[in-house]
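> Please read through the structure below; I'll follow up with questions.
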Amino acid sequence: MSDIPSDLLYTEEHEYLRASGEEGIFFVGITDYAQGELGDVVYIELPDTGISFSKMEVFGTIEAVKAVSDLYSPISGEVTEINIGLDDDPSLVNSDPYGDGWMIKLRVDDESDLDALLDADRYEDHIS
Amino acid sequence: MGSGLKWRVIRDSPCTGSHNMALDHALAVCSQEGEGVLRLYSWTAATVSFGRNERAKGLYDQANAAEQGIEFVRRPTGGRAVLHSAEVTYAVVAPVRALGGPRASYVEINRGLVKGLSSIGAAVAVTDHGETLSPDAGACFGVPAPGEIMVGEKKLVGSAQLRVGDALLQHGSIIIDGDQSLLNDLTGELRYVVHPATLRSVLGVVHQDQVVTAVIDGLKHVLGGLWDEGGYRSEERKEADRLERHRYREYAWTWRR
């Protein structure tokens, strides 16, 4: 059974947004369900800070054992920080996807775009 | 598990590395709901393919490779370096959910390959042990990962995947003959010493067509659905041409890491 925290927002592509505590800035990562489907993560390619992405634009890639998947920006915004800890230990995405396994911090362009994302119940329906 | 898909089998003629990777990638980009593709192909020249995220820059002696007629390409998929020469290469493209997600589809496709290769007498089995290695951990045929196809303790098939949108691509090499340890000559290091199984060492005389037919029959049996032979759609060719021009023929892509 996958962990789906009730206070996060989700995409159908299995990314999540978690409020960072800084206004308009959110942690972005992949869900517990997604990491379970992929298996052991061995490499993550993330963008430089300062780069802006449109909604659904590819912001990086993740490689599990031999399987590469694109990572999609859940919303339009600018990358303010990347998780450099994943360089040394990409398996944090497996062990703590919603905590130390976050990938980027994104400053969203327009917070009204958050309305289009899935809440926990709708994401659970999506993966069931 | 039956996929319920309508499958198109493409028996391709030998292509360059850049064209082979562009075609596999294009099939995934153009994948349609309810349809699967099995492509079987070979290579016009011996080619080293790198995994999508594997470090290769500065590790290979490109002049030495050129003297030996060996080319380089970087795959869209993960994993580590493979020297493609005497082999049958397969590519399976299907909607992600049709085969049950990346790990489940890996198991299903490998079951089909085992079924096919067993039918021509190869004593193959899927290993339940192996290591989870980073893309920089040496050659593909060096160490097996769990779920890979082996003959005894030696790896026979090396496969890798890409998920693009709602489609999954898995492609891989079924080694007929040749020596992966030639990679040593190109790197000047001993980190790539590998001696995989080959169908020739296991079966003696074996023809490429025989392996191709066995692979088709094995996958057909395991994946189910409707199967027919065919070619490329015009949009697949166009996308392959675009990808080859802008990515797979580009020096910057091949040596990006």
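Quick note on naming: the chains in the structure tokens go A, B, ... in the order shown, residues restart at 1 in each chain, and ligands are numbered from 1 in order of appearance.
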Write down as a PyMOL selection string the residues belonging to segment 29-126 of chain B that are assigned helix (DSSP H, G or I) by DSSP computed on the backbone.
chain B and resi 29+62-67+96-99+101-119
> I need the residues from that last selection saved to file as a PDB file, in the first residue's frame (with N, CA and C atoms), if you can.

ATOM      1  N   VAL B  29       7.698   7.465 -28.756  1.00  0.00           N
ATOM      2  CA  VAL B  29       7.054   8.794 -28.806  1.00  0.00           C
ATOM      3  C   VAL B  29       5.707   8.717 -29.537  1.00  0.00           C
ATOM      4  N   GLN B  62      38.832   7.159 -28.723  1.00  0.00           N
ATOM      5  CA  GLN B  62      38.025   7.240 -29.943  1.00  0.00           C
ATOM      6  C   GLN B  62      38.838   6.961 -31.207  1.00  0.00           C
ATOM      7  N   ALA B  63      40.134   7.312 -31.191  1.00  0.00           N
ATOM      8  CA  ALA B  63      40.978   7.044 -32.363  1.00  0.00           C
ATOM      9  C   ALA B  63      41.165   5.539 -32.542  1.00  0.00           C
ATOM     10  N   ASN B  64      41.390   4.844 -31.451  1.00  0.00           N
ATOM     11  CA  ASN B  64      41.529   3.380 -31.474  1.00  0.00           C
ATOM     12  C   ASN B  64      40.232   2.746 -32.003  1.00  0.00           C
ATOM     13  N   ALA B  65      39.110   3.253 -31.532  1.00  0.00           N
ATOM     14  CA  ALA B  65      37.818   2.724 -31.976  1.00  0.00           C
ATOM     15  C   ALA B  65      37.650   2.935 -33.476  1.00  0.00           C
ATOM     16  N   ALA B  66      37.999   4.123 -33.948  1.00  0.00           N
ATOM     17  CA  ALA B  66      37.856   4.428 -35.378  1.00  0.00           C
ATOM     18  C   ALA B  66      38.712   3.477 -36.213  1.00  0.00           C
ATOM     19  N   GLU B  67      39.943   3.192 -35.741  1.00  0.00           N
ATOM     20  CA  GLU B  67      40.822   2.252 -36.465  1.00  0.00           C
ATOM     21  C   GLU B  67      40.192   0.868 -36.572  1.00  0.00           C
ATOM     22  N   VAL B  96       2.281   2.126 -21.172  1.00  0.00           N
ATOM     23  CA  VAL B  96       2.840   1.764 -19.867  1.00  0.00           C
ATOM     24  C   VAL B  96       1.936   0.808 -19.096  1.00  0.00           C
ATOM     25  N   ARG B  97       0.650   1.112 -19.075  1.00  0.00           N
ATOM     26  CA  ARG B  97      -0.241   0.311 -18.230  1.00  0.00           C
ATOM     27  C   ARG B  97      -0.553  -1.066 -18.806  1.00  0.00           C
ATOM     28  N   ALA B  98      -0.325  -1.246 -20.110  1.00  0.00           N
ATOM     29  CA  ALA B  98      -0.705  -2.513 -20.749  1.00  0.00           C
ATOM     30  C   ALA B  98       0.074  -3.698 -20.197  1.00  0.00           C
ATOM     31  N   LEU B  99       1.331  -3.445 -19.847  1.00  0.00           N
ATOM     32  CA  LEU B  99       2.168  -4.550 -19.360  1.00  0.00           C
ATOM     33  C   LEU B  99       2.417  -4.443 -17.861  1.00  0.00           C
ATOM     34  N   GLY B 101       3.406  -1.558 -15.743  1.00  0.00           N
ATOM     35  CA  GLY B 101       4.437  -0.715 -15.122  1.00  0.00           C
ATOM     36  C   GLY B 101       5.833  -1.217 -15.439  1.00  0.00           C
ATOM     37  N   PRO B 102       6.854  -0.375 -15.156  1.00  0.00           N
ATOM     38  CA  PRO B 102       8.225  -0.709 -15.574  1.00  0.00           C
ATOM     39  C   PRO B 102       8.740  -2.058 -15.058  1.00  0.00           C
ATOM     40  N   ARG B 103       8.578  -2.326 -13.778  1.00  0.00           N
ATOM     41  CA  ARG B 103       9.165  -3.573 -13.250  1.00  0.00           C
ATOM     42  C   ARG B 103       8.388  -4.798 -13.703  1.00  0.00           C
ATOM     43  N   ALA B 104       7.049  -4.690 -13.685  1.00  0.00           N
ATOM     44  CA  ALA B 104       6.220  -5.822 -14.103  1.00  0.00           C
ATOM     45  C   ALA B 104       6.428  -6.110 -15.591  1.00  0.00           C
ATOM     46  N   SER B 105       6.558  -5.050 -16.406  1.00  0.00           N
ATOM     47  CA  SER B 105       6.739  -5.271 -17.843  1.00  0.00           C
ATOM     48  C   SER B 105       8.096  -5.904 -18.121  1.00  0.00           C
ATOM     49  N   TYR B 106       9.099  -5.540 -17.336  1.00  0.00           N
ATOM     50  CA  TYR B 106      10.435  -6.139 -17.487  1.00  0.00           C
ATOM     51  C   TYR B 106      10.344  -7.655 -17.286  1.00  0.00           C
ATOM     52  N   VAL B 107       9.608  -8.041 -16.259  1.00  0.00           N
ATOM     53  CA  VAL B 107       9.435  -9.467 -15.968  1.00  0.00           C
ATOM     54  C   VAL B 107       8.692 -10.157 -17.119  1.00  0.00           C
ATOM     55  N   GLU B 108       7.615  -9.540 -17.606  1.00  0.00           N
ATOM     56  CA  GLU B 108       6.808 -10.161 -18.653  1.00  0.00           C
ATOM     57  C   GLU B 108       7.594 -10.314 -19.957  1.00  0.00           C
ATOM     58  N   ILE B 109       8.279  -9.237 -20.351  1.00  0.00           N
ATOM     59  CA  ILE B 109       9.045  -9.287 -21.613  1.00  0.00           C
ATOM     60  C   ILE B 109      10.159 -10.330 -21.498  1.00  0.00           C
ATOM     61  N   ASN B 110      10.842 -10.355 -20.363  1.00  0.00           N
ATOM     62  CA  ASN B 110      11.905 -11.347 -20.190  1.00  0.00           C
ATOM     63  C   ASN B 110      11.351 -12.775 -20.180  1.00  0.00           C
ATOM     64  N   ARG B 111      10.141 -12.949 -19.664  1.00  0.00           N
ATOM     65  CA  ARG B 111       9.512 -14.293 -19.727  1.00  0.00           C
ATOM     66  C   ARG B 111       9.318 -14.718 -21.174  1.00  0.00           C
ATOM     67  N   GLY B 112       8.903 -13.769 -22.010  1.00  0.00           N
ATOM     68  CA  GLY B 112       8.721 -14.063 -23.437  1.00  0.00           C
ATOM     69  C   GLY B 112      10.035 -14.415 -24.116  1.00  0.00           C
ATOM     70  N   LEU B 113      11.097 -13.670 -23.760  1.00  0.00           N
ATOM     71  CA  LEU B 113      12.408 -13.953 -24.362  1.00  0.00           C
ATOM     72  C   LEU B 113      12.913 -15.326 -23.917  1.00  0.00           C
ATOM     73  N   VAL B 114      12.707 -15.644 -22.655  1.00  0.00           N
ATOM     74  CA  VAL B 114      13.131 -16.960 -22.140  1.00  0.00           C
ATOM     75  C   VAL B 114      12.379 -18.067 -22.876  1.00  0.00           C
ATOM     76  N   LYS B 115      11.079 -17.866 -23.052  1.00  0.00           N
ATOM     77  CA  LYS B 115      10.266 -18.859 -23.758  1.00  0.00           C
ATOM     78  C   LYS B 115      10.829 -19.093 -25.170  1.00  0.00           C
ATOM     79  N   GLY B 116      11.117 -18.001 -25.868  1.00  0.00           N
ATOM     80  CA  GLY B 116      11.618 -18.102 -27.244  1.00  0.00           C
ATOM     81  C   GLY B 116      12.992 -18.741 -27.308  1.00  0.00           C
ATOM     82  N   LEU B 117      13.905 -18.289 -26.458  1.00  0.00           N
ATOM     83  CA  LEU B 117      15.279 -18.808 -26.513  1.00  0.00           C
ATOM     84  C   LEU B 117      15.334 -20.265 -26.053  1.00  0.00           C
ATOM     85  N   SER B 118      14.462 -20.641 -25.136  1.00  0.00           N
ATOM     86  CA  SER B 118      14.399 -22.043 -24.708  1.00  0.00           C
ATOM     87  C   SER B 118      13.960 -22.934 -25.866  1.00  0.00           C
ATOM     88  N   SER B 119      13.076 -22.398 -26.720  1.00  0.00           N
ATOM     89  CA  SER B 119      12.524 -23.211 -27.808  1.00  0.00           C
ATOM     90  C   SER B 119      13.588 -23.601 -28.834  1.00  0.00           C
TER      91      SER B 119
END
> Counting only C-alpha atoms, which residues of chain A sit at most 9 Å from some atom of chain B, and what is each one's closest atom pair with its distance in Å to one decimal, listed by chain and rising residue number, as a Markdown table?

| residue | atom | partner | partner_atom | distance |
| --- | --- | --- | --- | --- |
| A:Glu13 | CA | B:Gly165 | CA | 8.5 |
| A:Glu37 | CA | B:Arg103 | CA | 6.4 |
| A:Leu38 | CA | B:Pro102 | CA | 6.2 |
| A:Gly39 | CA | B:Arg103 | CA | 7.2 |
| A:Asp40 | CA | B:Thr132 | CA | 7.1 |
| A:Val41 | CA | B:Ser134 | CA | 8.7 |
| A:Val42 | CA | B:Ser134 | CA | 5.1 |
| A:Tyr43 | CA | B:Ser134 | CA | 6.8 |
| A:Ile44 | CA | B:Asn53 | CA | 8.7 |
| A:Glu45 | CA | B:Asn53 | CA | 8.2 |
| A:Glu63 | CA | B:Gly78 | CA | 6.3 |
| A:Ala64 | CA | B:Gly78 | CA | 7.9 |
| A:Val65 | CA | B:Thr132 | CA | 6.4 |
| A:Lys66 | CA | B:Gly78 | CA | 4.2 |
| A:Ala67 | CA | B:Gln161 | CA | 4.3 |
| A:Val68 | CA | B:Leu162 | CA | 4.7 |
| A:Ser69 | CA | B:Arg163 | CA | 4.8 |
| A:Asp70 | CA | B:Val164 | CA | 6.7 |
> Write out as a PyMOL selection string all residues of segment 50-200 of chain B that DSSP puts in strand (DSSP E) for this structure's backbone.
chain B and resi 50+71-74+82-84+87-95+125-126+149-151+154-164+167-175
> Could you save the residues just selected, with C-alpha atoms, as a CSV table (one decimal), in the first residue's frame?

chain,number,residue,atom,x,y,z
B,50,PHE,CA,26.2,4.0,-23.6
B,71,GLU,CA,31.2,3.5,-33.6
B,72,PHE,CA,29.6,5.1,-30.6
B,73,VAL,CA,26.0,6.1,-29.7
B,74,ARG,CA,24.2,7.0,-26.6
B,82,VAL,CA,27.2,-2.7,-24.6
B,83,LEU,CA,29.3,-3.6,-27.6
B,84,HIS,CA,26.8,-4.4,-30.4
B,87,GLU,CA,23.6,-10.1,-31.9
B,88,VAL,CA,19.8,-9.8,-32.4
B,89,THR,CA,18.6,-6.6,-30.9
B,90,TYR,CA,14.9,-6.3,-29.9
B,91,ALA,CA,12.7,-3.4,-29.0
B,92,VAL,CA,9.3,-3.7,-27.4
B,93,VAL,CA,7.1,-0.6,-27.3
B,94,ALA,CA,3.7,-0.6,-25.5
B,95,PRO,CA,1.5,1.7,-23.4
B,125,ALA,CA,16.8,-18.7,-16.9
B,126,VAL,CA,15.9,-15.5,-15.2
B,149,ILE,CA,18.4,-13.6,-18.6
B,150,MET,CA,21.3,-15.9,-17.9
B,151,VAL,CA,22.9,-19.1,-19.1
B,154,LYS,CA,26.7,-15.8,-17.4
B,155,LYS,CA,24.4,-13.1,-18.8
B,156,LEU,CA,23.0,-13.7,-22.3
B,157,VAL,CA,20.6,-10.8,-22.7
B,158,GLY,CA,21.2,-7.2,-21.7
B,159,SER,CA,18.1,-5.0,-21.6
B,160,ALA,CA,17.1,-1.4,-20.6
B,161,GLN,CA,14.0,0.7,-20.5
B,162,LEU,CA,12.6,4.2,-21.2
B,163,ARG,CA,9.3,5.6,-20.1
B,164,VAL,CA,8.2,8.5,-22.4
B,167,ALA,CA,4.6,4.6,-23.4
B,168,LEU,CA,7.3,2.2,-22.4
B,169,LEU,CA,10.3,1.1,-24.5
B,170,GLN,CA,12.4,-1.9,-23.5
B,171,HIS,CA,15.2,-2.8,-25.9
B,172,GLY,CA,18.1,-5.2,-25.5
B,173,SER,CA,20.8,-7.3,-27.0
B,174,ILE,CA,20.7,-11.1,-27.4
B,175,ILE,CA,24.3,-12.0,-27.9
> Set the distance at 10 Å and use only C-alpha atoms: which residues neighbour Ile84 of chain A once local chain neighbours fewer than 6 positions away are removed? I'd like the list as a list in words.
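So the residues in contact are Leu46, Pro90, Trp102, Met103 and Ile104 of chain A.
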> Tell me, as a list in words, which residues lie within 7 Å of segment 3-8 of chain B, counting only C-alpha atoms; anything in the same chain fewer than 3 positions away does not count.
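Selected residues are Gly34, Glu35, Gly36, Val37, Leu38, Ala98, Leu99, Leu223, Gly224, Gly225, Leu226, Trp227, Asp228, Glu229 and Gly230 of chain B.
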> Write out the residues from the selection above, keeping C-alpha atoms, as a PDB file, in the first residue's frame.

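Ended up saving to selection-v6.pdb:
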ATOM      1  CA  GLY B  34      -4.130  -0.405 -27.603  1.00  0.00           C
ATOM      2  CA  GLU B  35      -1.085  -1.061 -29.787  1.00  0.00           C
ATOM      3  CA  GLY B  36       2.310  -2.631 -29.220  1.00  0.00           C
ATOM      4  CA  VAL B  37       5.370  -2.875 -31.461  1.00  0.00           C
ATOM      5  CA  LEU B  38       8.126  -5.473 -31.544  1.00  0.00           C
ATOM      6  CA  ALA B  98      -0.705  -2.513 -20.749  1.00  0.00           C
ATOM      7  CA  LEU B  99       2.168  -4.550 -19.360  1.00  0.00           C
ATOM      8  CA  LEU B 223       2.160 -11.269 -24.139  1.00  0.00           C
ATOM      9  CA  GLY B 224      -0.880 -12.519 -26.068  1.00  0.00           C
ATOM     10  CA  GLY B 225      -3.041 -10.202 -28.193  1.00  0.00           C
ATOM     11  CA  LEU B 226      -3.198 -10.005 -31.986  1.00  0.00           C
ATOM     12  CA  TRP B 227       0.068 -10.162 -33.914  1.00  0.00           C
ATOM     13  CA  ASP B 228       0.879  -9.066 -37.450  1.00  0.00           C
ATOM     14  CA  GLU B 229       3.998  -8.087 -39.383  1.00  0.00           C
ATOM     15  CA  GLY B 230       4.298  -4.523 -40.659  1.00  0.00           C
TER      16      GLY B 230
END
> So which residues touch Gly29 of chain A within 9 Å, counting only C-alpha atoms, skipping near sequence neighbours fewer than 4 positions away, as an mmCIF file with C-alpha atoms, in the first residue's frame?

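out10.cif written:
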data_model
loop_
_atom_site.group_PDB
_atom_site.id
_atom_site.type_symbol
_atom_site.label_atom_id
_atom_site.label_comp_id
_atom_site.auth_asym_id
_atom_site.auth_seq_id
_atom_site.Cartn_x
_atom_site.Cartn_y
_atom_site.Cartn_z
ATOM 1 C CA HIS A 14 3.151 10.835 -10.042
ATOM 2 C CA GLU A 15 4.933 14.010 -8.963
ATOM 3 C CA TYR A 16 3.933 15.801 -5.754
ATOM 4 C CA LEU A 17 4.070 19.385 -4.452
ATOM 5 C CA ARG A 18 4.687 20.058 -0.767
ATOM 6 C CA LEU A 71 10.421 14.102 -14.648
ATOM 7 C CA VAL A 93 13.951 8.854 -3.306
ATOM 8 C CA PRO A 97 10.245 10.230 -1.124
ATOM 9 C CA TYR A 98 8.298 12.992 0.659
ATOM 10 C CA GLY A 101 14.081 12.484 -1.299
ATOM 11 C CA TRP A 102 12.659 15.798 -2.587
ATOM 12 C CA MET A 103 14.157 16.858 -5.931
ATOM 13 C CA ILE A 104 13.665 20.575 -6.578
#
> Kindly indicate which residue among B:Val124, B:Ala28, B:Val48, B:Cys15 lies nearest to Arg75 of chain B, using only C-alpha atoms for the distances.
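Among B:Val124, B:Ala28, B:Val48, B:Cys15, it is B:Val48 that comes nearest to Arg75 of chain B.
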> For Ile51 of chain A, list every protein, DNA or RNA residue within 10 Å, evaluated using only C-alpha atoms, and leave out those in the same chain fewer than 6 positions away; present the list as a PyMOL selection string.
chain A and resi 59+77-80+106
> Give me the residues near Asp61 of chain B as number ranges by chain, where near means some atom within 10 Å (using only C-alpha atoms) and where sequence neighbours in that chain fewer than 4 positions away do not count.
B: 57, 65-66, 185-188
> Generate a file of the selected residues that holds N, CA and C atoms, formatted as a short mmCIF file (atom, residue, chain, number, x, y, z; two decimals), in the first residue's frame.

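And here is the file that came out, out07.cif:
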data_model
loop_
_atom_site.label_atom_id
_atom_site.label_comp_id
_atom_site.auth_asym_id
_atom_site.auth_seq_id
_atom_site.Cartn_x
_atom_site.Cartn_y
_atom_site.Cartn_z
N LYS B 57 32.55 10.23 -21.24
CA LYS B 57 33.46 11.28 -21.71
C LYS B 57 34.85 11.09 -21.10
N ALA B 65 39.11 3.25 -31.53
CA ALA B 65 37.82 2.72 -31.98
C ALA B 65 37.65 2.93 -33.48
N ALA B 66 38.00 4.12 -33.95
CA ALA B 66 37.86 4.43 -35.38
C ALA B 66 38.71 3.48 -36.21
N ASP B 185 39.93 -2.69 -24.69
CA ASP B 185 40.89 -2.03 -25.59
C ASP B 185 40.53 -0.56 -25.78
N LEU B 186 39.27 -0.27 -25.67
CA LEU B 186 38.82 1.10 -25.94
C LEU B 186 38.91 1.99 -24.71
N THR B 187 38.96 1.38 -23.55
CA THR B 187 38.99 2.20 -22.33
C THR B 187 40.37 2.22 -21.70
N GLY B 188 41.21 1.23 -22.07
CA GLY B 188 42.54 1.17 -21.45
C GLY B 188 42.46 0.84 -19.97
#
> Can you measure atom CA of Glu111 of chain A to atom CA of Phe26 of chain A for me? One decimal in Å is fine.
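Here the two named atoms are 10.6 Å from each other.
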> What does the structure give for the distance between atom CA of Asp110 of chain A and atom CA of Ile4 of chain A, in Å to one decimal?
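Separation of atom CA of Asp110 of chain A and atom CA of Ile4 of chain A: 24.7 Å.
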> Check the smallest atom-to-atom distance from each of A:Arg107, A:Ile62, A:Leu9, A:Asp100 to Thr49 of chain A using only C-alpha atoms, then report the winner.
A:Arg107
> Between atom CA of Ala86 of chain B and atom CA of Tyr41 of chain B, what is the distance, to one decimal in Å?
11.1 Å
